[in-house]
Amino acid sequence: MAFRSSFTRPQVLVGTLLSLGLSFAVPYSSSLAQTAPAASAAAATNPLLAPWSGPYGGIPPFDRVAVSQFKPALEAAMAQNLAEIQAIATNKDAPTFDNTIAAMERAGRQLDEVQTVYGIWSGNMSTPEVQTVQREMAPRLAAFADQITQNEALFRRIEAVYNSPDKKKLTPEQQRLTWLYYNNFVRAGARLDAAAKKRLSEINQQLAGLFTRFSQNVLADETDSVLVLKAPADLGGLPASLRADAANAATTRKLAGAGAILNTRSSIEPFLTYSDQRKLREKAWRMFYNRGDNGGARDNNAIITDILQLRAERAKLLGYQTHAHWRLDNTMAKTPEAAMALMEEVWKPAVARAKEEVADMQALANKEGANLTIEPWDYRYYAEKVRKARYDLDQNEVKQYLQLEKLREGMFWVAGELFNFAFTPVTNVPVYHPDVRVWEVKDKTSGKHIGLWYFDPYARPGKRSGAWMNAYRKQARLDGEVTTIVSNNSNFVKGKDGEPVLISWTDATTLFHEFGHALHGLSSNVTYPSLSGTSVVRDYVEFPSQLLENWLPTPQVLQRFALHYQTGKPIPQALVDRIEKASTFNQGFETTEFLGSALIDMKLHLAGSQKIDADKFERETLAQLGMPREIVMRHRTPQFSHVFASDGYSAGYYSYLWSVVLASDAYSAFTEAGGAYDKAVARRLTQNVFSVGNTIDPAEGYRRFRGRDPKIDALMRERGFPVKSASAPKSADKKAAPKKKS
């Protein structure tokens, strides 16, 4: 589960890349002398440089894209944007909000649109040709971004607006935007001397290249590694739907055998849950959890060492104790210590519960005469057996009611009830792959156009693993109404034509989670694009998505949309009751595997400049933490793309836990009122969380919605852990952050 709004106004590198660490950088051109007229001439021959045209305020020209167009389009659009930025920096008039801050908001539209299409191909259609462009452009992307944030004349104008006594005359949203530009230029090194700026840019370019190598190594392991099930016996224990998926995967890949298990989570985890072939479970487990850790040219361990060293050096240059302190300085948590305190509060009860779960599984295995000790590749298999024995709940039975398309309809229905949205399929827009479909989103009452929602649900070679949301275009009304375009992307295994795709309860939860990000973008109602939609701090951006997960198990959704794929009958209430009864089952595992990754992430980045062997650090730190040996991190370090394919979630993976505390507490506002679909609570949620973007401080927005700060109690109860206090996740006093003056 991830938020990945890679396509953001380039000048707002300061407002988005640095506050959120999003996984894109702005392109740099070696042809900096190229003029804006030359860029305009290039637009005549390169369709990526033409303004988006067509319905809905313009749409991406996916039907006219060629990989060969990316590099020249990026260079031409960069030249155009650089000319725009330079005009702002050298303006002879005294700096004002309009001629400096608002002018930067208006700059870079062409680059936005080129970067959007390039990012889509990089994440979803990453052929060897695309990867060649990525490797060449990545360092140049970072260099151009630094040219903007290190422009002294530009920063002096931003600083002048920020310090002007006239600032108090600006609207609250304009004051927030001014603060954002100023704060993030400073965080990007605007106050450094020339030598330090030069070294900072070198570091950023080196990191960009390393991020690209890391992600391409993981993608190669995911694409090229497949577990072939050679004989029918190798399918032992798999339910009919998984057998069909495996057979279809083998056919699609042109592999001889009874089936194939792809190296993606949506394929691996069901196999580990149901396969009764222990040796094959171990092979599948090792294939998945050793991505990026197999030695040779694709091994990521040395890359991780270099990334950590460069991040530590950059943090020192910027005046921070560690990379973790730099990354958290402008989040809700404020300091690594505050994030660690929350994680440690949950870690001990999670591990204690996990040990109880292992004991239950081992007892069942002993009772069956399995003559084994539970290993990581056994965990899901025996957890499912215990679930079935204890709660009479078979996840495969549940899966028969979880059709991907019906659940999509259920998400639309929830969006209509909570946000008054209506979704209508459209076919008059081009898509980048035949699997992608598009819906227009309107207000149900007024019929007003809200935006477009693209859905790309299936795994394919060249598509990165996981699930995510993108914003292709952000809502704004600086110069007239601009509506948003968002997407949700997943990696479900595609079935045969005409057959429903059945997904697990976990995957259904992920589907709702990512749709929560999309609704956050679609609900946006702000003036300036840099403050729009999901452009909020990292440990708040996951809050709306975590929150929406709560609507999957509501009776209104299950009775309407959890329909048996053969009979069409709704899921029986008795089965729903068993799901509810088992809701805290296996939470030790779920929480521990997540926190293992989050704690390693934070500790790696608190280690400062020491040279780290990633495998050794991971192994020794988990042992010190008391990680149960039967559980591995959800994302082992050599494949931890959240952290090492960009600065995205670096020292920030904790944010899922921070956000779920908010989400659990926020959902209680519904249950304490009229229930999950209480209209008054939904309105408060829209007005204070989903629609406001980054126009207000997130803590204040939450208080306006909830009437108080969040409490951790609801999370602990949801997971079946002891509730010791009514404390909220405590943000540190920013003034107390260990930070040197820059």
# chains A, B, ... in the order shown; residues from 1 in each chain; ligands from 1

$ select_by_dssp --residues "segment 261-461 of chain A" --states "helix (DSSP H, G or I)" --output "ChimeraX atom specification"
/A:265-274,278-289,296-298,301-317,323-328,336-367,376-391,395-399,404-419

$ select_by_dssp --residues "segment 441-622 of chain A" --states "strand (DSSP E)" --output "list in words"
Val441, Lys442, Asp443, His449, Ile450, Gly451, Leu452, Trp453, Tyr454, Phe455, Asp456, Pro457, Tyr458, Trp468, Met469, Asn470, Ala471, Tyr472, Arg473, Thr484, Ile485, Val486, Ser487, Asn488, Asn489, Ser490, Asn491 and Phe492 of chain A

$ closest_atom_pairs --of "segment 265-316 of chain A" --to "segment 367-375 of chain A" --cutoff "12 Å" --atoms "only C-alpha atoms" --output "tab-separated table"
residue	atom	partner	partner_atom	distance
A:Leu272	CA	A:Glu375	CA	11.7
A:Asp276	CA	A:Ala370	CA	11.2
A:Arg278	CA	A:Glu375	CA	10.2
A:Lys279	CA	A:Glu375	CA	11.6
A:Arg281	CA	A:Glu375	CA	10.5
A:Glu282	CA	A:Glu375	CA	8.9
A:Trp285	CA	A:Glu375	CA	10.5
A:Arg286	CA	A:Glu375	CA	11.8

$ write_last_selection --atoms "C-alpha atoms" --output "mmCIF file, in the first residue's frame"
data_model
loop_
_atom_site.group_PDB
_atom_site.id
_atom_site.type_symbol
_atom_site.label_atom_id
_atom_site.label_comp_id
_atom_site.auth_asym_id
_atom_site.auth_seq_id
_atom_site.Cartn_x
_atom_site.Cartn_y
_atom_site.Cartn_z
ATOM 1 C CA LEU A 272 1.981 -19.295 1.048
ATOM 2 C CA ASP A 276 0.445 -27.856 1.205
ATOM 3 C CA ARG A 278 6.207 -27.103 2.102
ATOM 4 C CA LYS A 279 9.314 -27.201 -0.083
ATOM 5 C CA ARG A 281 6.340 -22.698 -0.071
ATOM 6 C CA GLU A 282 9.940 -22.206 0.976
ATOM 7 C CA TRP A 285 9.071 -17.361 0.112
ATOM 8 C CA ARG A 286 12.780 -17.113 -0.677
#

$ closest_residue --among "A:Thr251, A:Ser275, A:Ser241, A:Ser446" --to "Glu397 of chain A" --atoms "only C-alpha atoms"
A:Ser241

$ closest_residue --among "A:Thr527, A:Ser53, A:Thr100, A:Gln566" --to "Pro500 of chain A" --atoms "only C-alpha atoms"
A:Gln566

$ residues_around --residues "Pro570 of chain A" --least-positions-apart "6" --cutoff "12 Å" --atoms "only C-alpha atoms" --output "PyMOL selection string"
chain A and resi 398+400-403+406+555-564+576

$ residues_around --residues "Asp613 of chain A" --least-positions-apart "3" --cutoff "9 Å" --atoms "only C-alpha atoms" --output "ChimeraX atom specification"
/A:301-302,304-305,616-618

$ write_last_selection --atoms "N, CA and C atoms" --output "short mmCIF file (atom, residue, chain, number, x, y, z; two decimals), in the first residue's frame"
data_model
loop_
_atom_site.label_atom_id
_atom_site.label_comp_id
_atom_site.auth_asym_id
_atom_site.auth_seq_id
_atom_site.Cartn_x
_atom_site.Cartn_y
_atom_site.Cartn_z
N ASN A 301 22.56 -4.35 -1.82
CA ASN A 301 23.15 -4.04 -0.52
C ASN A 301 24.19 -2.92 -0.59
N ALA A 302 25.06 -2.96 -1.59
CA ALA A 302 26.06 -1.89 -1.71
C ALA A 302 25.40 -0.56 -2.04
N ILE A 304 22.46 0.39 -1.01
CA ILE A 304 21.90 0.89 0.25
C ILE A 304 22.97 1.59 1.08
N THR A 305 24.14 0.97 1.18
CA THR A 305 25.24 1.58 1.93
C THR A 305 25.55 2.98 1.41
N LYS A 616 23.63 -7.17 7.55
CA LYS A 616 24.08 -7.35 8.94
C LYS A 616 23.28 -6.46 9.88
N PHE A 617 23.08 -5.20 9.49
CA PHE A 617 22.33 -4.26 10.32
C PHE A 617 20.91 -4.77 10.54
N GLU A 618 20.27 -5.22 9.48
CA GLU A 618 18.91 -5.74 9.58
C GLU A 618 18.87 -6.93 10.54
#

$ residues_around --residues "Val681 of chain A" --least-positions-apart "4" --cutoff "10 Å" --atoms "only C-alpha atoms" --output "short mmCIF file (atom, residue, chain, number, x, y, z; two decimals) with N, CA and C atoms, in the first residue's frame"
data_model
loop_
_atom_site.label_atom_id
_atom_site.label_comp_id
_atom_site.auth_asym_id
_atom_site.auth_seq_id
_atom_site.Cartn_x
_atom_site.Cartn_y
_atom_site.Cartn_z
N LEU A 418 -20.67 9.00 1.17
CA LEU A 418 -19.87 9.86 2.03
C LEU A 418 -19.52 11.20 1.38
N ALA A 666 -10.64 8.53 14.20
CA ALA A 666 -11.61 9.25 13.38
C ALA A 666 -12.83 8.40 13.09
N TYR A 667 -12.64 7.12 12.84
CA TYR A 667 -13.78 6.26 12.56
C TYR A 667 -14.69 6.14 13.78
N ALA A 669 -15.54 8.52 15.51
CA ALA A 669 -16.48 9.64 15.44
C ALA A 669 -17.77 9.21 14.75
N PHE A 670 -17.66 8.33 13.75
CA PHE A 670 -18.85 7.81 13.07
C PHE A 670 -19.62 6.85 13.98
N THR A 671 -18.90 5.92 14.60
CA THR A 671 -19.58 4.91 15.42
C THR A 671 -20.21 5.53 16.66
N GLU A 672 -19.63 6.63 17.15
CA GLU A 672 -20.20 7.31 18.31
C GLU A 672 -21.42 8.15 17.93
N ALA A 673 -21.57 8.42 16.64
CA ALA A 673 -22.72 9.21 16.16
C ALA A 673 -23.76 8.27 15.58
N GLY A 674 -24.10 8.46 14.32
CA GLY A 674 -25.17 7.67 13.72
C GLY A 674 -24.72 6.45 12.95
N GLY A 675 -23.41 6.12 13.04
CA GLY A 675 -22.91 4.96 12.33
C GLY A 675 -22.01 5.35 11.17
N ALA A 676 -21.57 4.34 10.41
CA ALA A 676 -20.55 4.55 9.38
C ALA A 676 -20.95 5.54 8.31
N TYR A 677 -22.26 5.73 8.10
CA TYR A 677 -22.72 6.60 7.02
C TYR A 677 -23.41 7.85 7.54
N LEU A 685 -15.85 15.60 7.98
CA LEU A 685 -14.66 14.94 7.46
C LEU A 685 -14.25 15.58 6.13
N THR A 686 -15.21 15.78 5.25
CA THR A 686 -14.91 16.40 3.96
C THR A 686 -14.39 17.82 4.13
N GLN A 687 -15.08 18.59 4.97
CA GLN A 687 -14.75 20.00 5.12
C GLN A 687 -13.39 20.23 5.77
N PHE A 705 -12.19 18.58 12.87
CA PHE A 705 -13.08 17.46 12.56
C PHE A 705 -13.53 16.73 13.83
N ARG A 706 -12.57 16.41 14.69
CA ARG A 706 -12.86 15.52 15.82
C ARG A 706 -13.24 16.25 17.08
#

$ closest_residue --among "A:Gln395, A:Ser487, A:Gln277, A:Ser68" --to "Val130 of chain A" --atoms "only C-alpha atoms"
A:Ser68

$ residues_around --residues "segment 650-661 of chain A" --least-positions-apart "3" --cutoff "7 Å" --atoms "only C-alpha atoms" --output "ChimeraX atom specification"
/A:324,327,339,538-540,542-543,546,598,601-602,605,642-643,647,664-665,712,715,729

$ write_last_selection --atoms "N, CA and C atoms" --output "PDB file, in the first residue's frame"
ATOM      1  N   ALA A 324      17.104  11.357   9.426  1.00  0.00           N
ATOM      2  CA  ALA A 324      15.796  11.195  10.068  1.00  0.00           C
ATOM      3  C   ALA A 324      15.310  12.513  10.661  1.00  0.00           C
ATOM      4  N   ARG A 327      14.149  14.727   7.745  1.00  0.00           N
ATOM      5  CA  ARG A 327      12.911  14.273   7.125  1.00  0.00           C
ATOM      6  C   ARG A 327      11.692  14.560   8.005  1.00  0.00           C
ATOM      7  N   ALA A 339       8.316   9.703  16.811  1.00  0.00           N
ATOM      8  CA  ALA A 339       7.875   8.554  16.017  1.00  0.00           C
ATOM      9  C   ALA A 339       8.283   7.249  16.684  1.00  0.00           C
ATOM     10  N   ARG A 538       3.854  13.638   5.123  1.00  0.00           N
ATOM     11  CA  ARG A 538       3.855  12.192   4.923  1.00  0.00           C
ATOM     12  C   ARG A 538       3.077  11.440   5.999  1.00  0.00           C
ATOM     13  N   ASP A 539       3.182  11.843   7.260  1.00  0.00           N
ATOM     14  CA  ASP A 539       2.492  11.074   8.294  1.00  0.00           C
ATOM     15  C   ASP A 539       1.033  11.512   8.470  1.00  0.00           C
ATOM     16  N   TYR A 540       0.540  12.319   7.527  1.00  0.00           N
ATOM     17  CA  TYR A 540      -0.892  12.654   7.468  1.00  0.00           C
ATOM     18  C   TYR A 540      -1.521  12.137   6.187  1.00  0.00           C
ATOM     19  N   GLU A 542      -1.398   9.339   4.743  1.00  0.00           N
ATOM     20  CA  GLU A 542      -1.973   7.997   4.827  1.00  0.00           C
ATOM     21  C   GLU A 542      -3.251   7.944   5.672  1.00  0.00           C
ATOM     22  N   PHE A 543      -3.572   9.024   6.348  1.00  0.00           N
ATOM     23  CA  PHE A 543      -4.761   9.036   7.209  1.00  0.00           C
ATOM     24  C   PHE A 543      -6.058   8.828   6.423  1.00  0.00           C
ATOM     25  N   GLN A 546      -6.103   5.131   5.167  1.00  0.00           N
ATOM     26  CA  GLN A 546      -6.306   4.170   6.248  1.00  0.00           C
ATOM     27  C   GLN A 546      -7.750   4.225   6.739  1.00  0.00           C
ATOM     28  N   ALA A 598       9.370  -0.590   9.787  1.00  0.00           N
ATOM     29  CA  ALA A 598       9.377   0.814  10.196  1.00  0.00           C
ATOM     30  C   ALA A 598      10.522   1.122  11.154  1.00  0.00           C
ATOM     31  N   ASP A 601      13.877   1.017   9.248  1.00  0.00           N
ATOM     32  CA  ASP A 601      13.968   2.254   8.471  1.00  0.00           C
ATOM     33  C   ASP A 601      14.453   3.403   9.354  1.00  0.00           C
ATOM     34  N   MET A 602      13.822   3.591  10.496  1.00  0.00           N
ATOM     35  CA  MET A 602      14.183   4.720  11.346  1.00  0.00           C
ATOM     36  C   MET A 602      15.588   4.550  11.914  1.00  0.00           C
ATOM     37  N   HIS A 605      18.419   5.330   9.570  1.00  0.00           N
ATOM     38  CA  HIS A 605      18.624   6.750   9.299  1.00  0.00           C
ATOM     39  C   HIS A 605      18.985   7.541  10.550  1.00  0.00           C
ATOM     40  N   HIS A 642       9.957   1.678  -0.788  1.00  0.00           N
ATOM     41  CA  HIS A 642       9.430   2.869  -0.111  1.00  0.00           C
ATOM     42  C   HIS A 642      10.584   3.780   0.334  1.00  0.00           C
ATOM     43  N   VAL A 643      11.688   3.168   0.730  1.00  0.00           N
ATOM     44  CA  VAL A 643      12.769   3.877   1.407  1.00  0.00           C
ATOM     45  C   VAL A 643      13.974   4.120   0.504  1.00  0.00           C
ATOM     46  N   ASP A 647      13.427   9.175  -1.950  1.00  0.00           N
ATOM     47  CA  ASP A 647      13.404   9.637  -0.559  1.00  0.00           C
ATOM     48  C   ASP A 647      12.021   9.467   0.051  1.00  0.00           C
ATOM     49  N   SER A 664      -8.198   5.265  13.124  1.00  0.00           N
ATOM     50  CA  SER A 664      -8.998   4.508  14.088  1.00  0.00           C
ATOM     51  C   SER A 664      -9.804   5.442  14.977  1.00  0.00           C
ATOM     52  N   ASP A 665      -9.151   6.513  15.417  1.00  0.00           N
ATOM     53  CA  ASP A 665      -9.835   7.488  16.267  1.00  0.00           C
ATOM     54  C   ASP A 665     -10.927   8.214  15.479  1.00  0.00           C
ATOM     55  N   ILE A 712      -4.953   6.976  21.131  1.00  0.00           N
ATOM     56  CA  ILE A 712      -4.461   5.705  20.606  1.00  0.00           C
ATOM     57  C   ILE A 712      -5.374   4.530  20.979  1.00  0.00           C
ATOM     58  N   LEU A 715      -7.085   2.294  18.163  1.00  0.00           N
ATOM     59  CA  LEU A 715      -6.161   1.400  17.464  1.00  0.00           C
ATOM     60  C   LEU A 715      -5.870   0.163  18.295  1.00  0.00           C
ATOM     61  N   PRO A 729      -0.771  10.061  19.827  1.00  0.00           N
ATOM     62  CA  PRO A 729       0.610  10.075  19.339  1.00  0.00           C
ATOM     63  C   PRO A 729       1.155  11.471  19.541  1.00  0.00           C
TER      64      PRO A 729
END

$ residues_around --residues "Phe640 of chain A" --least-positions-apart "5" --cutoff "10 Å" --atoms "only C-alpha atoms" --output "PyMOL selection string"
chain A and resi 214-215+218+291-292+300+304+597+601+633-635+645+649-650

$ atom_distance --atom1 "atom CA of Arg703 of chain A" --atom2 "atom CA of Glu514 of chain A"
24.1 Å

$ atom_distance --atom1 "atom CA of Val228 of chain A" --atom2 "atom CA of Asn248 of chain A"
12.0 Å

$ closest_residue --among "A:Pro628, A:Tyr379, A:Leu522, A:Pro722" --to "Ala422 of chain A" --atoms "only C-alpha atoms"
A:Leu522

$ atom_distance --atom1 "atom CA of Ala160 of chain A" --atom2 "atom CA of Thr96 of chain A"
8.0 Å
